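*Asks:* Here you go, one structure.
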Amino acid sequence: MSVQSPAPQKKPWFLALLSALDGIFVYLTAGISTGEFRAMLRGDAPGRPNTRLTPHADAFLLHIKPSYYHESVTRFTHTFRLGLLSTYLFLFETITGIILMIWYAPSPERAYVDMIRLLSNVPFGQLMRDLHRIGAELMVGIVTLHMVRTYLTGSYKPPREFTWLTGVLLLVMTLFLSFSGYLLPWDQLAFWAVTIGTSMAEAVPPAFVGEIINLLARGAPDIGANGLLRFYLLHVLFLPLLLILFFFVHYYKVVLYGISLPAQEEEVGEDTANRVPANRRVYYLPEVLLDEGTFLLAVTAIITAVTVFLFQAPLEHIANPQQTPFHTVAPWYFYWLQGLLKIADKLWAGVIIPGVLLVMLMAIPYLDRNPSRRGADRRVATISGIVAGVLMIILSWMGTPAYAVQGAPALEVVEKLMPEEKVGISRKIGYNHIPFGTYDTREPITTDDAEFAKLLHEFVHLLEVWEEKAPDFNDPWGLLTVTQDQANLKHLRWEITWLSNEGTEEYFKQDYWLHKDSYYWEQYGRKKFGVPEFLEMQNGG
Amino acid sequence: MRSLYVRSFGSKLIWGLVSSFVIVVCVGLTAQTEDTRMEIQTKNWEGRGIENGAVIFANNCATCHGQQGQGLQGIAPALNSRYFFTRRLEDVGQDGVMTLSNYVYLTVAAGRPSKDNSQWVNRMVPWSSQFGGPLRGDQVVDVVAYVMNFEETALQQTASEDPFQPFLDVSKPPEFQNIGISADAEWTPVQLAVTSVLPMGDRDPDYLFGALACSGCHDLNEPQAPSSMGESGPNFGTIHELGTYRPEAAADPAAYIKESIMSPDAFRVADYDDAMPDDFANRMTEEEIDRLVQWLLDPDRVTHARDAEGNIIEE
């Protein structure tokens with residue numbers, strides 16, 4: 001019998017196909033075979049050697065991520081995933097921002113018109129704008145919380161001093177990124193908030209330096225076409241690039257030193273974050289990846305749901321340099337600065353104090369020589385941190401119009417009932433609930449419309465409140481006259497007459513018009529799907 | 001605290017799926033209602049534009065054209081007028097060339113430099129900053145939206161309700177039947193160009209104040225205050241106390257006012273641009289000017305109701 005060489009085994013065609021597909025899968029995942037992937041899904045422990053580490057060596061996007069974490073730092077309550085979330089929100093803002101850029105031109109002639117076009121003529125335009133806005137507000141909040149968490153766990157201590165410093169710089173960049181975007185809609189809110197913001201730079205001594213800084217930021221003595229272009233370029237180009245650069249420096253340091261362990265898990269003065277015992281390793285693939293992925297999906301779902309059902313980015317009247325709004329406010333994250341400005345002069349509140357604070361914040365790791373990260377050992381640091389936080393909140397409250405800002409009483413009354421911007425009670429009850437006629441606050445309220453009666457009661461009530469509150473506002477009475485100048489347009493004239501302390505009669509008048517179709521989105525608090533109520537209202541129901 | 005953290009693979013997958021589902025539902029709901037939303041937003045911003053226009057109109061245009069667009073005899077044509085919306089474009093030879101909205105836009109933006117010798121006492125000045133006026137481009141757009149919104153009421157007017165005054169600069173006399181007003185409807189032509197009615201030399205100051213269109217820019221009732229000097233010209237409500245707010249006039253208010261009428265540049269306040277005509281010295285006799293000044297300085301001055309010829313209507 002001659003030795004018969006075995007006939008080459010021909011694989012069945014489907015097995016060949018499967019093996020080809022497996023090859024493609026390995027190619028795409030940079031080293032994970034389908035079998036390994038199934039093992040991951042089953043929750044099997046990695047083999048030895050661990051083939052799940054290949055993507056960290058081969059794939060660009062993964063080479064920056066550590067291949068495993070210490071089990072203790074993967075606990076949600078250790079980091080709350082705030083750093084990850086900050087990074088994600090930056091990506092989120094970049095994507096929504098690029099979409100918005102398609103519909104936007106940074107010039108005073110176009111910007112506001114583009115906003116209106118975006119809202120009324122672009123499918124998903126309003127959703128994109130709302131998402132971008134809520135993402136920006138959230139990013140400021142999350143980055144701040146990230147810093148607070150790092151401070152409270154003492155994670156800025158050696159060897160992570162420089163990580164902290166770049167983190168503070170990233171916070172500042174986030175603030176400026178958000179603030180520079182504030183101007184772009186070119187409405188009253190934007191224009192005056194940025195006017196206040198840039199005017200602080202003017203206080204930098206000596207005077208000519210402040211003037212030059214202000215001039216560089218605004219592009220002219222006042223914000224105009226040039227200022228808008230500069231803020232636009234800051235917002236879409238310069239600050240994002242700078243932020244990306246510092247993000248990578250920051251993240252490189254995070255990976256280099258590892259995320260600091262919960263303080264009680266290591267000796268004081270020790271740093272064992274990078275010495276993870278084999279039995280406490282949590283691999284990035286697949287555990288942490290899945291964890292981060294589901295977490296970010298859940299956050300995205302919450303942001304989307306809140307935006308779709310509850311949140312509308314405000315858009316006030318077009319920027320008018322000739323008309324200062326009744327109350328000008330900075331963005332909420334600069335309220336504390338505005339509060340400082342009310343108790344100190346511009347040089348101190350606008351330059352020296354924020355500057356010293358910033359330097360001190362960056363220098364915390366170098367000033368705090370206490371080697372322990374344990375809560376019990378750093379009572380002073382914790383308490384001073386909390387005190388600083390409470391001070392910030394108080395200053396922020398002082399920055400709102402609620403503190404130490406009071407317009408003329410008559411103006412305050414009308415501003416409550418029918419404000420320059422936003423909704424107020426009158427626009428909230430809407431066109432159909434404001435009947436024609438003259439209504440005098442000294443006469444009994446006789447109207448069939450319950451909502452309108454509420455408005456008139458509020459008018460009477462506000463006059464009483466201010467009579468008590470303001471010393472120079474005696475025996476006030478008001479007149480509301482509703483007439484029609486045109487079809488579908490009601491003319492509301494608010495008149496208030498009062499006696500001054502000298503007994504002379506004073507008079508205030510404010511005219512507003514309300515169109516049947518004007519729909520103040522904010523007025524319903526919640527977006528209405530299908531908006532049947534609105535269409536009904538339009539048909540005179 | 002440890003329990004907060006979900007370790008199970010399966011629950012993470014479920015969380016991810018639920019979140020994806022929520023996102024899809026939210027975006028889907030939005031997609032469903034985008035058409036309605038865009039339609040409502042379009043109307044909303046049109047409505048707000050008209051609201052803005054109403055404010056600008058009240059501050060800049062209403063003194064001459066009236067807030068209800070009724071016009072002012074001899075001073076400014078009616079805008080809330082059937083004639084204006086149906087026939088005016090044809091009469092100026094622009095029918096089919098431009099829309100009425102563009103015609104209004106051009107007029108507001110650039111004014112009416114060609115109408116120096118028209119029936120209107122004052123020519124309309126340019127309002128757009130592009131032509132040296134006080135309004136920005138978006139404000140002109142809004143005020144045009146307000147003017148165009150008169151259409152609905154104007155088209156319901158009958159002949160006797162239409163406050164229009166026939167334009168003398170049109171090539172042919174208006175034919176009312178063409179604009180849907182029946183030919184046999186009783187039509188009382190409005191008296192034109194009031195300046196020509198009473199002869200120069202003997203006219204009453206209160207008549208002159210209206211006929212020479214002073215009232216177009218100067219409000220006789222509104223007081224002068226630092227916060228509200230007057231939109232297009234100083235308010236005259238407290239002009240008898242002129243010296244208190246214009247120190248240079250304190251010595252001789254009458255001479256100050258007279259000089260201001262005869263050469264408006266004499267004491268021009270910076271806020272008001274070149275708005276006041278400088279030909280009043282030719283359009284009134286010196287006695288008329290003196291009487292006008294005295295009348296203005298009189299806190300109890302009287303303005304008489306007058307008919308189309310300028311005669312006082314006895315009540």
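Chain lettering (A, B, ...) mirrors the order of the structure tokens, residue numbering begins at 1 for each chain separately, and ligand numbering begins at 1 in order of display.
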Can you pull out every residue within 12 Å of Leu480 of chain A, counting only C-alpha atoms, but drop anything in the same chain fewer than 3 positions away, and send it as a ChimeraX atom specification?

*Replies:* /A:414,417-418,426,434-443,452,455-456,459-460,477,483,491-497,508-512

*Asks:* Filtering to N, CA, C and O atoms, could you give me those residues as a compact mmCIF listing (two decimals), in the first residue's frame?

*Replies:*
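The resulting file, result07.txt, is reproduced below:
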# COMPACT_ATOMS: atom_id res chain seq x y z
N VAL A 414 -44.66 97.76 35.87
CA VAL A 414 -44.98 97.39 34.49
C VAL A 414 -44.08 96.25 34.01
O VAL A 414 -44.52 95.34 33.30
N LEU A 417 -45.56 93.05 34.92
CA LEU A 417 -46.79 92.69 34.22
C LEU A 417 -46.52 92.42 32.75
O LEU A 417 -47.08 91.52 32.15
N MET A 418 -45.68 93.27 32.16
CA MET A 418 -45.37 93.11 30.73
C MET A 418 -43.95 93.60 30.50
O MET A 418 -43.72 94.76 30.21
N SER A 426 -48.92 89.35 31.16
CA SER A 426 -49.79 89.74 30.05
C SER A 426 -49.60 88.85 28.83
O SER A 426 -50.57 88.40 28.23
N ILE A 434 -57.01 89.33 26.55
CA ILE A 434 -56.87 90.74 26.92
C ILE A 434 -57.94 91.54 26.16
O ILE A 434 -57.75 91.91 25.01
N PRO A 435 -59.10 91.74 26.81
CA PRO A 435 -60.20 92.41 26.11
C PRO A 435 -59.95 93.91 25.97
O PRO A 435 -59.22 94.52 26.76
N PHE A 436 -60.55 94.50 24.95
CA PHE A 436 -60.43 95.95 24.75
C PHE A 436 -61.10 96.69 25.89
O PHE A 436 -62.04 96.20 26.51
N GLY A 437 -60.61 97.89 26.18
CA GLY A 437 -61.26 98.70 27.20
C GLY A 437 -60.23 99.45 28.02
O GLY A 437 -59.03 99.35 27.81
N THR A 438 -60.76 100.21 28.97
CA THR A 438 -59.89 100.95 29.88
C THR A 438 -60.13 100.42 31.28
O THR A 438 -61.27 100.27 31.70
N TYR A 439 -59.05 100.11 31.96
CA TYR A 439 -59.19 99.49 33.28
C TYR A 439 -58.43 100.34 34.29
O TYR A 439 -57.24 100.60 34.13
N ASP A 440 -59.16 100.77 35.30
CA ASP A 440 -58.60 101.66 36.31
C ASP A 440 -58.42 100.87 37.61
O ASP A 440 -59.36 100.20 38.05
N THR A 441 -57.25 100.95 38.20
CA THR A 441 -57.02 100.15 39.41
C THR A 441 -57.82 100.67 40.60
O THR A 441 -57.92 100.00 41.61
N ARG A 442 -58.38 101.90 40.50
CA ARG A 442 -59.16 102.42 41.63
C ARG A 442 -60.59 101.92 41.60
O ARG A 442 -61.35 102.10 42.53
N GLU A 443 -60.96 101.33 40.48
CA GLU A 443 -62.34 100.86 40.35
C GLU A 443 -62.39 99.34 40.56
O GLU A 443 -61.39 98.66 40.33
N PHE A 452 -57.76 87.40 32.78
CA PHE A 452 -57.54 88.83 32.74
C PHE A 452 -57.78 89.46 34.10
O PHE A 452 -57.06 90.37 34.52
N LEU A 455 -54.75 89.23 36.07
CA LEU A 455 -53.77 90.24 35.67
C LEU A 455 -54.06 91.57 36.35
O LEU A 455 -53.17 92.23 36.91
N LEU A 456 -55.35 91.96 36.35
CA LEU A 456 -55.72 93.24 36.96
C LEU A 456 -55.50 93.21 38.47
O LEU A 456 -55.02 94.19 39.06
N PHE A 459 -51.95 93.77 39.07
CA PHE A 459 -51.64 95.20 38.87
C PHE A 459 -51.90 95.97 40.17
O PHE A 459 -51.04 96.68 40.69
N VAL A 460 -53.09 95.77 40.72
CA VAL A 460 -53.46 96.44 41.97
C VAL A 460 -52.49 96.04 43.08
O VAL A 460 -51.95 96.89 43.81
N TRP A 477 -51.97 104.98 41.37
CA TRP A 477 -53.07 104.29 40.69
C TRP A 477 -52.69 104.08 39.24
O TRP A 477 -51.90 104.83 38.68
N THR A 483 -56.36 99.01 23.20
CA THR A 483 -57.01 99.46 21.98
C THR A 483 -56.44 98.68 20.81
O THR A 483 -55.55 97.86 20.97
N HIS A 491 -52.96 97.08 21.35
CA HIS A 491 -52.08 98.13 21.88
C HIS A 491 -52.38 98.25 23.38
O HIS A 491 -53.49 98.59 23.77
N LEU A 492 -51.39 97.93 24.19
CA LEU A 492 -51.57 98.02 25.64
C LEU A 492 -50.84 99.24 26.15
O LEU A 492 -49.61 99.32 26.01
N ARG A 493 -51.57 100.16 26.71
CA ARG A 493 -50.92 101.34 27.29
C ARG A 493 -51.03 101.25 28.80
O ARG A 493 -52.12 101.22 29.36
N TRP A 494 -49.86 101.19 29.44
CA TRP A 494 -49.81 101.14 30.89
C TRP A 494 -49.51 102.54 31.39
O TRP A 494 -48.50 103.13 31.00
N GLU A 495 -50.37 103.06 32.27
CA GLU A 495 -50.12 104.40 32.83
C GLU A 495 -50.20 104.31 34.34
O GLU A 495 -51.09 103.65 34.89
N ILE A 496 -49.25 104.94 34.98
CA ILE A 496 -49.25 104.94 36.45
C ILE A 496 -49.06 106.38 36.92
O ILE A 496 -48.18 107.10 36.43
N THR A 497 -49.91 106.79 37.83
CA THR A 497 -49.82 108.14 38.38
C THR A 497 -49.64 108.02 39.89
O THR A 497 -50.27 107.17 40.51
N PHE A 508 -46.18 108.05 34.69
CA PHE A 508 -45.34 107.14 33.91
C PHE A 508 -46.20 106.45 32.88
O PHE A 508 -47.34 106.07 33.14
N LYS A 509 -45.65 106.30 31.69
CA LYS A 509 -46.43 105.68 30.62
C LYS A 509 -45.56 104.71 29.83
O LYS A 509 -44.40 104.98 29.58
N GLN A 510 -46.13 103.56 29.50
CA GLN A 510 -45.38 102.60 28.69
C GLN A 510 -46.34 101.95 27.71
O GLN A 510 -47.39 101.44 28.09
N ASP A 511 -45.96 101.98 26.43
CA ASP A 511 -46.79 101.36 25.40
C ASP A 511 -46.18 100.05 24.94
O ASP A 511 -44.98 99.98 24.69
N TYR A 512 -47.02 99.04 24.83
CA TYR A 512 -46.57 97.78 24.23
C TYR A 512 -47.63 97.31 23.25
O TYR A 512 -48.81 97.61 23.40

*Asks:* As JSON, numbers by chain, could you give me every residue of chain B near chain A (at most 7 Å apart, counting only C-alpha atoms)?

*Replies:* {"B": [1, 5, 12, 15, 16, 19, 20, 22, 23, 26, 33, 34, 36, 38, 39, 41, 42, 43, 44, 45, 47, 48, 51, 54, 67, 68, 149, 150, 152, 153]}

*Asks:* If you run DSSP over the backbone, which residues in segment 126-330 of chain A end up alpha helix (DSSP H)? Put them as a ChimeraX atom specification.

*Replies:* /A:126-152,161-182,188-201,207-218,225-233,239-257,289-309

*Asks:* Report as a list in words all protein, DNA and RNA residues lying within 12 Å of Ala376 of chain A, evaluated on only C-alpha atoms, omitting residues in the same chain fewer than 2 positions from it.

*Replies:*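 Those residues are Leu152, Thr153, Gly154, Ala263, Gln264, Val268, Asn370, Ser372, Arg373, Arg374, Arg378, Arg379, Val380, Ala381, Thr382 and Ile383 of chain A.
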
*Asks:* Residues near Glu266 of chain A, anyone? I mean within 12 Å using only C-alpha atoms, not counting same-chain ones fewer than 3 positions away, as number ranges by chain.

*Replies:* A: 72, 260-263, 269-273, 275-276, 372-374

*Asks:* Determine, counting only C-alpha atoms, which protein, DNA and RNA residues have an atom within 12 Å of an atom of Gln224 of chain B; residues of the same chain fewer than 2 positions away are not included. Present the result as a list in words.

*Replies:*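 Surrounding residues, per the criterion: His218, Asp219, Leu220, Asn221, Glu222, Pro226, Ser227, Ser228, Met229, Gly230, Glu231, Gly233, Pro234, Asn235, Phe236, Gly237, Thr238, Ile239, His240, Glu241, Leu242, Gly243, Thr244, Tyr245 and Arg246 of chain B.
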
*Asks:* Just write the chosen residues, N, CA, C and O atoms, as an mmCIF file, in the first residue's frame.

*Replies:*
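Printed below is part-v3.cif as written:
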data_model
loop_
_atom_site.group_PDB
_atom_site.id
_atom_site.type_symbol
_atom_site.label_atom_id
_atom_site.label_comp_id
_atom_site.auth_asym_id
_atom_site.auth_seq_id
_atom_site.Cartn_x
_atom_site.Cartn_y
_atom_site.Cartn_z
ATOM 1 N N HIS B 218 -42.991 118.666 16.816
ATOM 2 C CA HIS B 218 -43.001 119.231 18.166
ATOM 3 C C HIS B 218 -44.339 118.935 18.826
ATOM 4 O O HIS B 218 -45.382 119.324 18.314
ATOM 5 N N ASP B 219 -44.280 118.251 19.945
ATOM 6 C CA ASP B 219 -45.510 117.920 20.664
ATOM 7 C C ASP B 219 -45.849 119.043 21.615
ATOM 8 O O ASP B 219 -45.043 119.425 22.467
ATOM 9 N N LEU B 220 -47.078 119.586 21.487
ATOM 10 C CA LEU B 220 -47.470 120.738 22.300
ATOM 11 C C LEU B 220 -47.809 120.349 23.735
ATOM 12 O O LEU B 220 -47.830 121.190 24.624
ATOM 13 N N ASN B 221 -48.124 119.084 23.963
ATOM 14 C CA ASN B 221 -48.608 118.683 25.287
ATOM 15 C C ASN B 221 -47.566 117.977 26.132
ATOM 16 O O ASN B 221 -47.563 118.078 27.343
ATOM 17 N N GLU B 222 -46.667 117.235 25.484
ATOM 18 C CA GLU B 222 -45.659 116.503 26.245
ATOM 19 C C GLU B 222 -44.674 117.478 26.875
ATOM 20 O O GLU B 222 -44.180 118.385 26.207
ATOM 21 N N PRO B 226 -35.411 115.682 30.857
ATOM 22 C CA PRO B 226 -34.126 115.147 30.383
ATOM 23 C C PRO B 226 -34.265 113.768 29.767
ATOM 24 O O PRO B 226 -33.583 113.425 28.831
ATOM 25 N N SER B 227 -35.209 112.978 30.315
ATOM 26 C CA SER B 227 -35.342 111.619 29.805
ATOM 27 C C SER B 227 -36.158 111.581 28.521
ATOM 28 O O SER B 227 -36.026 110.665 27.724
ATOM 29 N N SER B 228 -37.052 112.544 28.335
ATOM 30 C CA SER B 228 -37.843 112.558 27.103
ATOM 31 C C SER B 228 -37.885 113.967 26.547
ATOM 32 O O SER B 228 -38.763 114.754 26.866
ATOM 33 N N MET B 229 -36.927 114.282 25.724
ATOM 34 C CA MET B 229 -36.889 115.619 25.141
ATOM 35 C C MET B 229 -37.867 115.739 23.995
ATOM 36 O O MET B 229 -38.300 116.820 23.638
ATOM 37 N N GLY B 230 -38.234 114.614 23.419
ATOM 38 C CA GLY B 230 -39.055 114.620 22.225
ATOM 39 C C GLY B 230 -38.347 113.805 21.176
ATOM 40 O O GLY B 230 -37.128 113.886 21.062
ATOM 41 N N GLU B 231 -39.118 113.005 20.428
ATOM 42 C CA GLU B 231 -38.489 112.057 19.515
ATOM 43 C C GLU B 231 -37.846 112.743 18.321
ATOM 44 O O GLU B 231 -36.663 112.577 18.051
ATOM 45 N N GLY B 233 -38.330 116.236 17.521
ATOM 46 C CA GLY B 233 -38.017 117.624 17.820
ATOM 47 C C GLY B 233 -38.352 117.870 19.269
ATOM 48 O O GLY B 233 -39.097 117.093 19.865
ATOM 49 N N PRO B 234 -37.808 118.913 19.900
ATOM 50 C CA PRO B 234 -38.084 119.116 21.326
ATOM 51 C C PRO B 234 -39.581 119.246 21.610
ATOM 52 O O PRO B 234 -40.328 119.838 20.833
ATOM 53 N N ASN B 235 -40.016 118.660 22.731
ATOM 54 C CA ASN B 235 -41.402 118.822 23.180
ATOM 55 C C ASN B 235 -41.652 120.271 23.610
ATOM 56 O O ASN B 235 -40.769 120.922 24.165
ATOM 57 N N PHE B 236 -42.888 120.737 23.371
ATOM 58 C CA PHE B 236 -43.207 122.126 23.713
ATOM 59 C C PHE B 236 -44.172 122.221 24.891
ATOM 60 O O PHE B 236 -44.697 123.288 25.173
ATOM 61 N N GLY B 237 -44.426 121.126 25.591
ATOM 62 C CA GLY B 237 -45.393 121.154 26.686
ATOM 63 C C GLY B 237 -45.002 122.122 27.794
ATOM 64 O O GLY B 237 -45.855 122.692 28.462
ATOM 65 N N THR B 238 -43.707 122.351 27.986
ATOM 66 C CA THR B 238 -43.253 123.237 29.068
ATOM 67 C C THR B 238 -42.376 124.345 28.500
ATOM 68 O O THR B 238 -41.480 124.854 29.162
ATOM 69 N N ILE B 239 -42.672 124.741 27.263
ATOM 70 C CA ILE B 239 -41.791 125.724 26.617
ATOM 71 C C ILE B 239 -41.870 127.096 27.298
ATOM 72 O O ILE B 239 -40.935 127.890 27.219
ATOM 73 N N HIS B 240 -42.969 127.349 28.049
ATOM 74 C CA HIS B 240 -43.054 128.626 28.760
ATOM 75 C C HIS B 240 -42.037 128.701 29.896
ATOM 76 O O HIS B 240 -41.779 129.755 30.438
ATOM 77 N N GLU B 241 -41.428 127.553 30.239
ATOM 78 C CA GLU B 241 -40.340 127.563 31.236
ATOM 79 C C GLU B 241 -39.008 127.311 30.547
ATOM 80 O O GLU B 241 -38.087 126.721 31.119
ATOM 81 N N LEU B 242 -38.919 127.739 29.300
ATOM 82 C CA LEU B 242 -37.748 127.430 28.475
ATOM 83 C C LEU B 242 -36.432 127.717 29.190
ATOM 84 O O LEU B 242 -35.490 126.918 29.136
ATOM 85 N N GLY B 243 -36.379 128.865 29.884
ATOM 86 C CA GLY B 243 -35.131 129.276 30.532
ATOM 87 C C GLY B 243 -34.618 128.270 31.547
ATOM 88 O O GLY B 243 -33.417 128.164 31.771
ATOM 89 N N THR B 244 -35.536 127.495 32.143
ATOM 90 C CA THR B 244 -35.090 126.570 33.187
ATOM 91 C C THR B 244 -34.312 125.397 32.617
ATOM 92 O O THR B 244 -33.434 124.859 33.262
ATOM 93 N N TYR B 245 -34.645 124.961 31.397
ATOM 94 C CA TYR B 245 -33.907 123.808 30.870
ATOM 95 C C TYR B 245 -32.991 124.174 29.725
ATOM 96 O O TYR B 245 -32.269 123.328 29.224
ATOM 97 N N ARG B 246 -33.063 125.419 29.251
ATOM 98 C CA ARG B 246 -32.140 125.847 28.186
ATOM 99 C C ARG B 246 -31.524 127.161 28.677
ATOM 100 O O ARG B 246 -32.046 128.226 28.381
#

*Asks:* Rounded to one decimal in Å, what is the spacing between atom CA of Glu506 of chain A and atom CA of Asp300 of chain B?

*Replies:*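 For atom CA of Glu506 of chain A relative to atom CA of Asp300 of chain B, the distance reads 20.9 Å.
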
*Asks:* Env of Thr99 of chain B: 12 Å cut, atoms = only C-alpha atoms, seq-sep filter 2 positions within chain, self excluded. Answer as a PyMOL selection string.

*Replies:* chain B and resi 85-90+93-97+101-106+148

*Asks:* Please, could you write that set of residues out with N, CA, C and O atoms as a PDB file, in the first residue's frame?

*Replies:*
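Result file is selection-v7.pdb:
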ATOM      1  N   PHE B  85     -53.613 100.912  -0.591  1.00  0.00           N
ATOM      2  CA  PHE B  85     -53.295  99.506  -0.818  1.00  0.00           C
ATOM      3  C   PHE B  85     -53.724  99.005  -2.198  1.00  0.00           C
ATOM      4  O   PHE B  85     -53.286  97.958  -2.643  1.00  0.00           O
ATOM      5  N   THR B  86     -54.636  99.735  -2.850  1.00  0.00           N
ATOM      6  CA  THR B  86     -55.121  99.197  -4.115  1.00  0.00           C
ATOM      7  C   THR B  86     -54.672 100.014  -5.321  1.00  0.00           C
ATOM      8  O   THR B  86     -54.599  99.496  -6.429  1.00  0.00           O
ATOM      9  N   ARG B  87     -54.373 101.293  -5.128  1.00  0.00           N
ATOM     10  CA  ARG B  87     -54.233 102.131  -6.298  1.00  0.00           C
ATOM     11  C   ARG B  87     -52.930 102.926  -6.350  1.00  0.00           C
ATOM     12  O   ARG B  87     -52.482 103.341  -7.408  1.00  0.00           O
ATOM     13  N   ARG B  88     -52.343 103.132  -5.217  1.00  0.00           N
ATOM     14  CA  ARG B  88     -51.210 104.046  -5.144  1.00  0.00           C
ATOM     15  C   ARG B  88     -50.066 103.619  -6.078  1.00  0.00           C
ATOM     16  O   ARG B  88     -49.470 104.428  -6.778  1.00  0.00           O
ATOM     17  N   LEU B  89     -49.798 102.323  -6.098  1.00  0.00           N
ATOM     18  CA  LEU B  89     -48.678 101.809  -6.877  1.00  0.00           C
ATOM     19  C   LEU B  89     -48.873 102.122  -8.357  1.00  0.00           C
ATOM     20  O   LEU B  89     -47.947 102.531  -9.057  1.00  0.00           O
ATOM     21  N   GLU B  90     -50.118 101.970  -8.797  1.00  0.00           N
ATOM     22  CA  GLU B  90     -50.424 102.246 -10.203  1.00  0.00           C
ATOM     23  C   GLU B  90     -50.258 103.733 -10.488  1.00  0.00           C
ATOM     24  O   GLU B  90     -49.704 104.129 -11.521  1.00  0.00           O
ATOM     25  N   GLY B  93     -46.946 104.809 -11.192  1.00  0.00           N
ATOM     26  CA  GLY B  93     -46.328 104.138 -12.324  1.00  0.00           C
ATOM     27  C   GLY B  93     -45.453 102.961 -11.952  1.00  0.00           C
ATOM     28  O   GLY B  93     -44.574 102.584 -12.702  1.00  0.00           O
ATOM     29  N   GLN B  94     -45.680 102.385 -10.760  1.00  0.00           N
ATOM     30  CA  GLN B  94     -44.826 101.275 -10.332  1.00  0.00           C
ATOM     31  C   GLN B  94     -45.576  99.951 -10.307  1.00  0.00           C
ATOM     32  O   GLN B  94     -45.011  98.942  -9.896  1.00  0.00           O
ATOM     33  N   ASP B  95     -46.827  99.959 -10.758  1.00  0.00           N
ATOM     34  CA  ASP B  95     -47.606  98.732 -10.724  1.00  0.00           C
ATOM     35  C   ASP B  95     -46.949  97.693 -11.625  1.00  0.00           C
ATOM     36  O   ASP B  95     -46.657  97.971 -12.780  1.00  0.00           O
ATOM     37  N   GLY B  96     -46.732  96.534 -11.119  1.00  0.00           N
ATOM     38  CA  GLY B  96     -46.071  95.501 -11.907  1.00  0.00           C
ATOM     39  C   GLY B  96     -44.570  95.649 -11.924  1.00  0.00           C
ATOM     40  O   GLY B  96     -43.862  94.778 -12.409  1.00  0.00           O
ATOM     41  N   VAL B  97     -44.071  96.757 -11.438  1.00  0.00           N
ATOM     42  CA  VAL B  97     -42.626  96.950 -11.388  1.00  0.00           C
ATOM     43  C   VAL B  97     -42.096  96.516 -10.034  1.00  0.00           C
ATOM     44  O   VAL B  97     -41.108  95.819  -9.927  1.00  0.00           O
ATOM     45  N   SER B 101     -44.987  96.536  -0.797  1.00  0.00           N
ATOM     46  CA  SER B 101     -44.093  96.403   0.350  1.00  0.00           C
ATOM     47  C   SER B 101     -42.713  96.992   0.021  1.00  0.00           C
ATOM     48  O   SER B 101     -42.117  97.708   0.831  1.00  0.00           O
ATOM     49  N   ASN B 102     -42.223  96.738  -1.187  1.00  0.00           N
ATOM     50  CA  ASN B 102     -40.936  97.320  -1.587  1.00  0.00           C
ATOM     51  C   ASN B 102     -41.034  98.827  -1.741  1.00  0.00           C
ATOM     52  O   ASN B 102     -40.093  99.562  -1.422  1.00  0.00           O
ATOM     53  N   TYR B 103     -42.179  99.288  -2.241  1.00  0.00           N
ATOM     54  CA  TYR B 103     -42.401 100.724  -2.399  1.00  0.00           C
ATOM     55  C   TYR B 103     -42.356 101.412  -1.031  1.00  0.00           C
ATOM     56  O   TYR B 103     -41.720 102.451  -0.848  1.00  0.00           O
ATOM     57  N   VAL B 104     -43.027 100.788  -0.053  1.00  0.00           N
ATOM     58  CA  VAL B 104     -43.009 101.349   1.299  1.00  0.00           C
ATOM     59  C   VAL B 104     -41.589 101.309   1.856  1.00  0.00           C
ATOM     60  O   VAL B 104     -41.090 102.273   2.436  1.00  0.00           O
ATOM     61  N   TYR B 105     -40.925 100.184   1.615  1.00  0.00           N
ATOM     62  CA  TYR B 105     -39.560 100.041   2.124  1.00  0.00           C
ATOM     63  C   TYR B 105     -38.658 101.139   1.574  1.00  0.00           C
ATOM     64  O   TYR B 105     -37.928 101.810   2.312  1.00  0.00           O
ATOM     65  N   LEU B 106     -38.732 101.349   0.270  1.00  0.00           N
ATOM     66  CA  LEU B 106     -37.887 102.371  -0.356  1.00  0.00           C
ATOM     67  C   LEU B 106     -38.209 103.753   0.193  1.00  0.00           C
ATOM     68  O   LEU B 106     -37.309 104.561   0.449  1.00  0.00           O
ATOM     69  N   MET B 148     -47.522  97.502   6.377  1.00  0.00           N
ATOM     70  CA  MET B 148     -48.221  96.552   5.509  1.00  0.00           C
ATOM     71  C   MET B 148     -49.355  95.839   6.259  1.00  0.00           C
ATOM     72  O   MET B 148     -50.287  95.331   5.643  1.00  0.00           O
TER      73      MET B 148
END

*Asks:* Mind giving me the straight-line distance from atom CA of Val351 of chain A to atom CA of Thr324 of chain A in Å, one decimal?

*Replies:*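 Result for atom CA of Val351 of chain A versus atom CA of Thr324 of chain A: 24.1 Å, one decimal.
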